[in-house]
$ cat run.cif   # mmCIF, C-alpha atoms
data_data
loop_
_atom_site.label_atom_id
_atom_site.label_comp_id
_atom_site.auth_asym_id
_atom_site.auth_seq_id
_atom_site.Cartn_x
_atom_site.Cartn_y
_atom_site.Cartn_z
CA MET A 1 -20.31 -38.22 103.97
CA SER A 2 -22.01 -40.77 101.74
CA GLN A 3 -24.68 -39.56 99.33
CA ILE A 4 -28.35 -39.80 100.25
CA PRO A 5 -30.57 -41.95 97.97
CA VAL A 6 -33.31 -39.76 96.45
CA GLY A 7 -35.75 -40.65 93.67
CA ILE A 8 -36.23 -38.34 90.69
CA SER A 9 -38.23 -38.17 87.46
CA THR A 10 -35.80 -39.23 84.71
CA CYS A 11 -36.52 -36.25 82.44
CA LEU A 12 -35.16 -33.89 85.13
CA LEU A 13 -31.70 -35.41 84.67
CA GLY A 14 -31.70 -34.30 81.03
CA LYS A 15 -32.64 -37.73 79.58
CA GLU A 16 -34.87 -37.54 76.52
CA VAL A 17 -37.73 -39.69 77.78
CA ARG A 18 -40.74 -37.35 77.51
CA HIS A 19 -43.65 -38.17 75.23
CA ASP A 20 -42.30 -35.77 72.57
CA GLY A 21 -38.75 -37.13 72.86
CA GLY A 22 -37.61 -34.11 74.91
CA HIS A 23 -36.40 -33.61 78.48
CA LYS A 24 -36.85 -31.13 81.34
CA HIS A 25 -33.24 -30.89 82.52
CA SER A 26 -32.94 -29.37 86.00
CA ARG A 27 -29.45 -27.95 86.41
CA TYR A 28 -30.11 -27.41 90.10
CA CYS A 29 -30.64 -31.16 90.49
CA THR A 30 -27.74 -32.29 88.30
CA GLN A 31 -25.17 -29.66 89.28
CA VAL A 32 -25.97 -28.85 92.92
CA LEU A 33 -28.03 -31.57 94.56
CA SER A 34 -26.21 -34.43 92.81
CA LYS A 35 -23.15 -33.68 94.96
CA HIS A 36 -25.17 -34.75 98.01
CA PHE A 37 -27.95 -36.94 96.63
CA GLU A 38 -27.52 -40.22 94.81
CA PHE A 39 -30.36 -39.92 92.32
CA ARG A 40 -32.39 -42.97 91.34
CA SER A 41 -34.28 -42.03 88.22
CA ILE A 42 -37.65 -43.39 87.13
CA CYS A 43 -39.84 -42.44 84.18
CA PRO A 44 -43.10 -44.28 84.93
CA GLU A 45 -44.53 -43.84 81.42
CA LEU A 46 -41.42 -45.15 79.70
CA GLU A 47 -41.00 -48.00 82.18
CA ALA A 48 -44.66 -48.92 81.93
CA GLY A 49 -43.90 -49.69 78.27
CA LEU A 50 -45.33 -46.61 76.54
CA GLY A 51 -42.14 -45.92 74.55
CA VAL A 52 -40.50 -42.71 73.24
CA PRO A 53 -41.89 -40.81 71.47
CA ARG A 54 -45.44 -41.69 72.52
CA PRO A 55 -48.89 -40.14 72.27
CA ALA A 56 -49.66 -37.58 74.97
CA ILE A 57 -51.81 -38.94 77.79
CA HIS A 58 -54.04 -37.37 80.40
CA LEU A 59 -56.23 -38.31 83.36
CA ARG A 60 -59.90 -39.04 82.75
CA GLU A 61 -62.45 -39.59 85.45
CA TYR A 62 -64.90 -42.48 85.17
CA ASP A 63 -67.35 -43.93 87.69
CA ASP A 64 -64.72 -46.46 88.77
CA GLY A 65 -61.96 -43.84 89.23
CA LEU A 66 -59.19 -42.10 87.29
CA ARG A 67 -57.75 -43.64 84.17
CA LEU A 68 -54.73 -42.79 82.00
CA ILE A 69 -56.04 -42.24 78.47
CA GLU A 70 -54.38 -40.95 75.30
CA SER A 71 -55.48 -37.35 74.86
CA LYS A 72 -56.28 -37.91 71.19
CA GLY A 73 -58.25 -41.12 71.18
CA THR A 74 -59.36 -43.76 73.63
CA ALA A 75 -56.29 -45.97 74.15
CA ASP A 76 -56.16 -46.77 77.88
CA HIS A 77 -52.77 -47.21 79.62
CA THR A 78 -54.06 -47.47 83.20
CA GLU A 79 -53.39 -51.20 83.62
CA ALA A 80 -49.84 -50.92 82.25
CA MET A 81 -49.14 -48.05 84.67
CA ASN A 82 -50.69 -49.82 87.66
CA THR A 83 -48.73 -53.00 86.93
CA PHE A 84 -45.49 -50.98 86.80
CA ILE A 85 -46.38 -49.12 90.01
CA GLU A 86 -47.11 -52.38 91.84
CA ARG A 87 -43.78 -53.80 90.73
CA ILE A 88 -41.60 -50.76 91.51
CA MET A 89 -43.12 -49.43 94.74
CA PRO A 90 -41.57 -51.96 97.20
CA SER A 91 -38.08 -51.22 95.82
CA LEU A 92 -38.31 -47.53 96.82
CA SER A 93 -38.35 -48.11 100.59
CA ASP A 94 -34.71 -47.03 101.03
CA LEU A 95 -35.23 -43.60 99.40
CA ARG A 96 -35.06 -40.53 101.64
CA GLY A 97 -36.92 -38.19 99.33
CA TYR A 98 -38.34 -37.82 95.83
CA ILE A 99 -38.30 -35.00 93.24
CA LEU A 100 -41.16 -35.22 90.74
CA MET A 101 -41.84 -33.60 87.39
CA ALA A 102 -44.74 -31.14 87.63
CA LYS A 103 -47.89 -31.14 85.46
CA SER A 104 -47.44 -34.79 84.46
CA PRO A 105 -50.43 -37.20 84.53
CA SER A 106 -48.07 -39.79 86.00
CA CYS A 107 -45.62 -37.75 88.13
CA GLY A 108 -47.44 -34.51 88.96
CA MET A 109 -47.82 -33.96 92.69
CA GLU A 110 -50.66 -31.44 92.60
CA ARG A 111 -52.90 -29.30 90.36
CA ILE A 112 -53.09 -31.92 87.60
CA LYS A 113 -55.91 -31.50 85.06
CA VAL A 114 -58.63 -34.13 85.29
CA HIS A 115 -60.87 -34.66 82.26
CA ASN A 116 -64.33 -36.16 81.92
CA GLU A 117 -65.15 -39.16 79.70
CA GLU A 118 -65.42 -36.88 76.66
CA GLY A 119 -61.94 -35.45 77.32
CA ARG A 120 -62.97 -32.02 78.65
CA VAL A 121 -61.20 -30.58 81.72
CA THR A 122 -63.51 -30.72 84.75
CA ARG A 123 -61.07 -29.95 87.58
CA ARG A 124 -57.44 -29.08 88.19
CA ASP A 125 -56.78 -30.65 91.56
CA GLY A 126 -55.62 -34.11 90.46
CA ARG A 127 -52.41 -35.96 91.17
CA GLY A 128 -50.43 -38.17 88.77
CA LEU A 129 -51.00 -41.92 89.18
CA PHE A 130 -47.38 -42.68 90.09
CA ALA A 131 -47.13 -39.67 92.44
CA GLU A 132 -50.38 -40.69 94.16
CA ALA A 133 -49.15 -44.26 94.69
CA LEU A 134 -45.73 -43.05 95.92
CA MET A 135 -47.20 -40.65 98.48
CA LYS A 136 -49.67 -43.28 99.66
CA ALA A 137 -46.99 -45.97 100.05
CA TYR A 138 -44.49 -43.63 101.76
CA PRO A 139 -46.54 -40.86 103.40
CA LEU A 140 -43.65 -39.63 105.56
CA MET A 141 -41.03 -39.47 102.81
CA PRO A 142 -40.29 -35.86 101.71
CA VAL A 143 -41.69 -35.38 98.20
CA GLU A 144 -41.46 -32.21 96.12
CA GLU A 145 -41.94 -31.03 92.55
CA GLU A 146 -38.90 -29.69 90.73
CA GLY A 147 -40.62 -26.40 89.83
CA ARG A 148 -41.36 -25.67 93.48
CA LEU A 149 -37.64 -26.00 94.30
CA HIS A 150 -37.17 -22.57 92.69
CA ASP A 151 -38.93 -21.13 95.75
CA ASP A 152 -36.23 -20.46 98.38
CA MET A 153 -38.43 -21.43 101.35
CA LEU A 154 -39.79 -24.63 99.77
CA ARG A 155 -36.32 -25.68 98.61
CA GLU A 156 -34.77 -25.16 102.03
CA ASN A 157 -37.65 -26.97 103.72
CA PHE A 158 -37.51 -29.99 101.39
CA ILE A 159 -33.73 -30.43 101.72
CA GLU A 160 -33.85 -30.03 105.50
CA ARG A 161 -36.53 -32.75 105.64
CA VAL A 162 -34.50 -35.11 103.43
CA PHE A 163 -31.46 -34.83 105.73
CA ALA A 164 -33.59 -35.33 108.86
CA TYR A 165 -35.43 -38.33 107.35
CA ASP A 166 -32.07 -39.81 106.34
CA ASP A 167 -30.88 -39.47 109.95
CA TRP A 168 -33.96 -41.40 111.10
CA MET A 169 -33.58 -44.13 108.47
CA GLN A 170 -29.88 -44.59 109.23
CA ASN A 171 -29.91 -44.37 113.01
CA VAL A 172 -33.38 -45.23 114.32
CA ALA A 173 -35.39 -47.24 111.78
CA GLY A 174 -35.58 -51.03 111.67
CA ASP A 175 -32.93 -52.97 113.58
CA ASN A 176 -31.42 -49.75 114.96
CA LEU A 177 -34.50 -48.94 117.04
CA THR A 178 -33.69 -48.74 120.76
CA PRO A 179 -34.90 -46.34 123.47
CA LYS A 180 -31.43 -44.74 123.39
CA ALA A 181 -31.49 -44.26 119.59
CA LEU A 182 -34.93 -42.66 119.76
CA ILE A 183 -34.02 -40.26 122.56
CA GLU A 184 -30.71 -39.33 120.92
CA PHE A 185 -32.52 -38.56 117.66
CA HIS A 186 -34.97 -36.33 119.52
CA THR A 187 -32.09 -34.57 121.29
CA ARG A 188 -30.33 -33.87 117.96
CA HIS A 189 -33.42 -32.30 116.42
CA LYS A 190 -34.89 -30.42 119.40
CA PHE A 191 -34.18 -26.91 118.16
CA GLN A 192 -35.33 -27.76 114.63
CA LEU A 193 -38.61 -29.02 116.07
CA LEU A 194 -38.97 -25.91 118.22
CA ALA A 195 -38.50 -23.71 115.14
CA HIS A 196 -40.90 -25.69 112.91
CA SER A 197 -43.70 -26.34 115.40
CA GLU A 198 -43.60 -25.46 119.08
CA LYS A 199 -46.92 -27.27 119.48
CA ILE A 200 -45.56 -30.61 118.21
CA TYR A 201 -42.25 -30.03 120.05
CA ARG A 202 -44.27 -29.89 123.28
CA GLN A 203 -46.11 -33.13 122.40
CA LEU A 204 -43.00 -35.16 121.62
CA GLY A 205 -41.20 -34.65 124.94
CA PRO A 206 -43.98 -36.33 126.98
CA LEU A 207 -44.31 -39.08 124.35
CA LEU A 208 -40.68 -40.08 125.01
CA SER A 209 -40.81 -39.63 128.79
CA ASP A 210 -42.42 -43.04 129.36
CA LEU A 211 -41.11 -45.51 126.81
CA LYS A 212 -42.23 -48.55 128.81
CA SER A 213 -45.97 -47.88 128.58
CA SER A 214 -46.31 -48.90 124.88
CA PRO A 215 -44.39 -51.14 122.46
CA LEU A 216 -41.32 -49.20 121.29
CA GLU A 217 -42.23 -49.69 117.61
CA ASP A 218 -45.62 -48.01 118.19
CA THR A 219 -44.04 -45.07 119.99
CA ALA A 220 -41.41 -44.70 117.24
CA ASP A 221 -44.11 -44.75 114.52
CA GLN A 222 -46.12 -42.12 116.36
CA TYR A 223 -42.98 -40.05 116.96
CA LEU A 224 -41.88 -40.10 113.32
CA GLN A 225 -45.35 -39.19 112.09
CA LEU A 226 -45.47 -36.13 114.35
CA PHE A 227 -41.82 -35.27 113.66
CA MET A 228 -42.26 -35.24 109.86
CA GLU A 229 -45.54 -33.33 110.21
CA ALA A 230 -43.66 -30.67 112.20
CA MET A 231 -40.76 -30.56 109.75
CA SER A 232 -43.08 -30.02 106.78
CA GLN A 233 -44.34 -26.77 108.32
CA LYS A 234 -42.68 -23.62 107.06
CA VAL A 235 -40.70 -21.74 109.71
CA SER A 236 -41.63 -18.10 110.24
CA ARG A 237 -38.95 -15.53 111.04
CA GLY A 238 -40.47 -15.19 114.51
CA SER A 239 -40.18 -18.95 115.16
CA HIS A 240 -36.55 -19.02 114.02
CA THR A 241 -35.82 -16.04 116.26
CA ASN A 242 -37.47 -17.82 119.20
CA ALA A 243 -35.38 -20.97 118.60
CA MET A 244 -32.17 -18.92 118.27
CA GLN A 245 -32.92 -17.09 121.53
CA HIS A 246 -33.34 -20.45 123.29
CA LEU A 247 -30.04 -21.58 121.81
CA MET A 248 -28.31 -18.37 122.87
CA GLY A 249 -29.29 -19.17 126.48
CA TYR A 250 -26.85 -22.10 126.40
CA LEU A 251 -24.03 -19.79 125.25
CA ARG A 252 -24.26 -17.33 128.14
CA ASP A 253 -20.72 -18.04 129.35
CA SER A 254 -19.07 -17.71 125.95
CA LEU A 255 -20.72 -14.42 124.93
CA GLY A 256 -19.29 -11.07 126.06
CA ASP A 257 -21.67 -8.14 126.55
CA GLU A 258 -20.78 -6.54 123.21
CA GLU A 259 -21.05 -9.82 121.34
CA ARG A 260 -24.42 -10.57 122.92
CA LYS A 261 -25.62 -7.11 121.87
CA VAL A 262 -24.53 -7.67 118.23
CA LEU A 263 -26.16 -11.11 118.18
CA ILE A 264 -29.48 -9.76 119.51
CA GLU A 265 -29.33 -6.91 116.95
CA GLN A 266 -28.77 -9.37 114.10
CA MET A 267 -31.56 -11.68 115.30
CA GLU A 268 -33.92 -8.71 115.32
CA ALA A 269 -32.69 -7.62 111.89
CA TYR A 270 -33.42 -11.16 110.65
CA ARG A 271 -36.88 -11.13 112.26
CA ARG A 272 -37.64 -7.86 110.43
CA GLY A 273 -36.52 -9.39 107.12
CA GLU A 274 -33.41 -7.20 106.74
CA VAL A 275 -30.80 -9.97 106.74
CA PRO A 276 -30.98 -13.70 105.86
CA LEU A 277 -30.93 -16.47 108.46
CA VAL A 278 -27.25 -17.20 107.77
CA VAL A 279 -26.20 -13.95 109.52
CA PRO A 280 -27.38 -14.57 113.12
CA MET A 281 -26.82 -18.31 112.70
CA THR A 282 -23.14 -17.75 111.81
CA LEU A 283 -22.67 -15.64 114.96
CA LEU A 284 -24.23 -18.41 117.07
CA ARG A 285 -22.03 -21.03 115.45
CA MET A 286 -18.89 -18.92 116.03
CA ALA A 287 -19.74 -18.56 119.73
CA GLN A 288 -20.36 -22.31 119.98
CA ARG A 289 -17.10 -23.09 118.20
CA ARG A 290 -15.09 -20.82 120.49
CA GLU A 291 -16.41 -22.38 123.70
CA PRO A 292 -18.26 -25.58 122.76
CA VAL A 293 -21.31 -26.56 124.79
CA ASP A 294 -21.72 -30.35 124.58
CA TYR A 295 -25.51 -30.16 124.26
CA LEU A 296 -25.23 -27.79 121.28
CA ASN A 297 -22.53 -29.89 119.61
CA VAL A 298 -25.14 -32.45 118.58
CA GLN A 299 -27.85 -29.96 117.55
CA GLN A 300 -28.74 -30.40 113.87
CA TYR A 301 -30.36 -26.97 113.91
CA LEU A 302 -26.94 -25.31 113.70
CA THR A 303 -26.02 -27.28 110.55
CA PRO A 304 -29.04 -29.22 109.22
CA TYR A 305 -27.42 -29.75 105.78
CA PRO A 306 -24.05 -28.94 104.15
CA ASP A 307 -23.16 -25.22 104.20
CA GLU A 308 -22.16 -25.29 100.54
CA LEU A 309 -25.81 -25.62 99.54
CA GLY A 310 -26.13 -21.98 100.66
CA LEU A 311 -29.79 -22.43 101.60
CA ARG A 312 -29.77 -20.14 104.62
CA ASN A 313 -28.38 -17.29 102.51
CA LYS A 314 -31.80 -17.05 100.83
CA VAL A 315 -34.26 -17.48 103.72
#
$ encode --input "run.cif" --output "structure tokens"
Amino acid sequence: MSQIPVGISTCLLGKEVRHDGGHKHSRYCTQVLSKHFEFRSICPELEAGLGVPRPAIHLREYDDGLRLIESKGTADHTEAMNTFIERIMPSLSDLRGYILMAKSPSCGMERIKVHNEEGRVTRRDGRGLFAEALMKAYPLMPVEEEGRLHDDMLRENFIERVFAYDDWMQNVAGDNLTPKALIEFHTRHKFQLLAHSEKIYRQLGPLLSDLKSSPLEDTADQYLQLFMEAMSQKVSRGSHTNAMQHLMGYLRDSLGDEERKVLIEQMEAYRRGEVPLVVPMTLLRMAQRREPVDYLNVQQYLTPYPDELGLRNKV
């Protein structure tokens, strides 16, 4: 399988591009994710011409908006950053996800300190200028901060979204858009949708039931927006159990009484938090492998990303 193009803050790859000449090497990104993601690295501050080492900068709020100012002094780098952002943004349209460096006035995704004109912190709910522009230009692209990838649930959710978004970009987006491609995509991701958001799952079926009533591009846009909104929702143990029970219904013929009993026991143990998701999911996959059901063969829910990532061992 070819690698998936994902953007990343350069310092996370161990490159010494930070303002103090250091880096923030993420071994998880370089040793685990790099086997599946083709990283495209960007350091907005360096590429906006600020150099290494460089004075530390922070966000200051003025009447006309946020500006990027040196924290010791008044040198303003907003225009340089905005010029770089304008130049780079169109070239990121083929990315399937982005991993940002936290706490950065350019790359931070959330909780960034915002200062007043005198340089005092007035709030801590800002977003870095590059991160803000990225998320505005590509609102459906999965974006996450490296620090948050240490959380098992957030990590699993981000990677699942990247693989699903990649499926859309490869098989449905642009010239590939046909009614068949759209319906096949929905079919592949039905159980994932059910697990993430039953509410949105129930909206998307009717949306696809009459593809002649609106231009296909409009329906596809609406579909993807709802799909990515659903996928960004964390899955509770109860929702996973519900989805697995639905899936088990398709395996009636291949499950003996004893096997069914064990599977139900393990689903309940998962729901109570006693075993990870990989346990009941492995039993379902074994039953499907023994007597394949065509409909389940295409379900991404059974294998939404490579097993070697081990994500379902932790959730």
$ residues_around --input "run.cif" --residues "range 28-39 of chain A" --least-positions-apart "4" --cutoff "7 Å" --atoms "all atoms listed in the file" --output "list in words"
Gln3, Ile4, Pro5, Val6, Gly7, Ile8 and Leu13 of chain A
$ write_last_selection --input "run.cif" --atoms "C-alpha atoms" --output "PDB file, keeping the file's coordinate frame"
ATOM      1  CA  GLN A   3     -24.680 -39.560  99.330  1.00  0.00           C
ATOM      2  CA  ILE A   4     -28.350 -39.800 100.250  1.00  0.00           C
ATOM      3  CA  PRO A   5     -30.570 -41.950  97.970  1.00  0.00           C
ATOM      4  CA  VAL A   6     -33.310 -39.760  96.450  1.00  0.00           C
ATOM      5  CA  GLY A   7     -35.750 -40.650  93.670  1.00  0.00           C
ATOM      6  CA  ILE A   8     -36.230 -38.340  90.690  1.00  0.00           C
ATOM      7  CA  LEU A  13     -31.700 -35.410  84.670  1.00  0.00           C
TER       8      LEU A  13
END
$ resolve_selection --input "run.cif" --expression "the PyMOL selection byres ((chain A and resi 313) around 12)" --output "PyMOL selection string"
chain A and resi 152-153+156+270+275-282+307-312+314-315
$ resolve_selection --input "run.cif" --expression "the PyMOL selection byres ((chain A and resi 255) around 12)" --output "ChimeraX atom specification"
/A:248-254,256-264,283-292
$ write_last_selection --input "run.cif" --atoms "C-alpha atoms" --output "PDB file, in the coordinates of the input"
ATOM      1  CA  MET A 248     -28.310 -18.370 122.870  1.00  0.00           C
ATOM      2  CA  GLY A 249     -29.290 -19.170 126.480  1.00  0.00           C
ATOM      3  CA  TYR A 250     -26.850 -22.100 126.400  1.00  0.00           C
ATOM      4  CA  LEU A 251     -24.030 -19.790 125.250  1.00  0.00           C
ATOM      5  CA  ARG A 252     -24.260 -17.330 128.140  1.00  0.00           C
ATOM      6  CA  ASP A 253     -20.720 -18.040 129.350  1.00  0.00           C
ATOM      7  CA  SER A 254     -19.070 -17.710 125.950  1.00  0.00           C
ATOM      8  CA  GLY A 256     -19.290 -11.070 126.060  1.00  0.00           C
ATOM      9  CA  ASP A 257     -21.670  -8.140 126.550  1.00  0.00           C
ATOM     10  CA  GLU A 258     -20.780  -6.540 123.210  1.00  0.00           C
ATOM     11  CA  GLU A 259     -21.050  -9.820 121.340  1.00  0.00           C
ATOM     12  CA  ARG A 260     -24.420 -10.570 122.920  1.00  0.00           C
ATOM     13  CA  LYS A 261     -25.620  -7.110 121.870  1.00  0.00           C
ATOM     14  CA  VAL A 262     -24.530  -7.670 118.230  1.00  0.00           C
ATOM     15  CA  LEU A 263     -26.160 -11.110 118.180  1.00  0.00           C
ATOM     16  CA  ILE A 264     -29.480  -9.760 119.510  1.00  0.00           C
ATOM     17  CA  LEU A 283     -22.670 -15.640 114.960  1.00  0.00           C
ATOM     18  CA  LEU A 284     -24.230 -18.410 117.070  1.00  0.00           C
ATOM     19  CA  ARG A 285     -22.030 -21.030 115.450  1.00  0.00           C
ATOM     20  CA  MET A 286     -18.890 -18.920 116.030  1.00  0.00           C
ATOM     21  CA  ALA A 287     -19.740 -18.560 119.730  1.00  0.00           C
ATOM     22  CA  GLN A 288     -20.360 -22.310 119.980  1.00  0.00           C
ATOM     23  CA  ARG A 289     -17.100 -23.090 118.200  1.00  0.00           C
ATOM     24  CA  ARG A 290     -15.090 -20.820 120.490  1.00  0.00           C
ATOM     25  CA  GLU A 291     -16.410 -22.380 123.700  1.00  0.00           C
ATOM     26  CA  PRO A 292     -18.260 -25.580 122.760  1.00  0.00           C
TER      27      PRO A 292
END
$ closest_residue --input "run.cif" --among "A:Glu146, A:Glu110, A:Glu45, A:Asp294" --to "Glu79 in chain A" --atoms "only C-alpha atoms"
A:Glu45
$ closest_residue --input "run.cif" --among "A:Leu66, A:Leu100, A:Ala243, A:Cys43" --to "Glu198 in chain A" --atoms "all atoms listed in the file"
A:Ala243
$ atom_distance --input "run.cif" --atom1 "CA of Glu86 in chain A" --atom2 "CA of Val143 in chain A"
18.9 Å
$ atom_distance --input "run.cif" --atom1 "CA of Ser41 in chain A" --atom2 "CA of Leu149 in chain A"
17.5 Å
$ resolve_selection --input "run.cif" --expression "the PyMOL selection byres ((chain A and resi 133) around 12)" --output "PyMOL selection string"
chain A and resi 44+81-90+92+106-109+127-132+134-139
$ axis_aligned_box --input "run.cif" --around "range 5-23 of chain A" --padding-each-side "5 Å" --output "lines of an AutoDock Vina configuration file"
center_x = -37.1
center_y = -37.8
center_z = 85.3
size_x = 23.1
size_y = 18.3
size_z = 35.4
$ closest_residue --input "run.cif" --among "A:Ala75, A:Ile99, A:Val172, A:Leu247" --to "Glu144 in chain A" --atoms "all atoms listed in the file"
A:Ile99
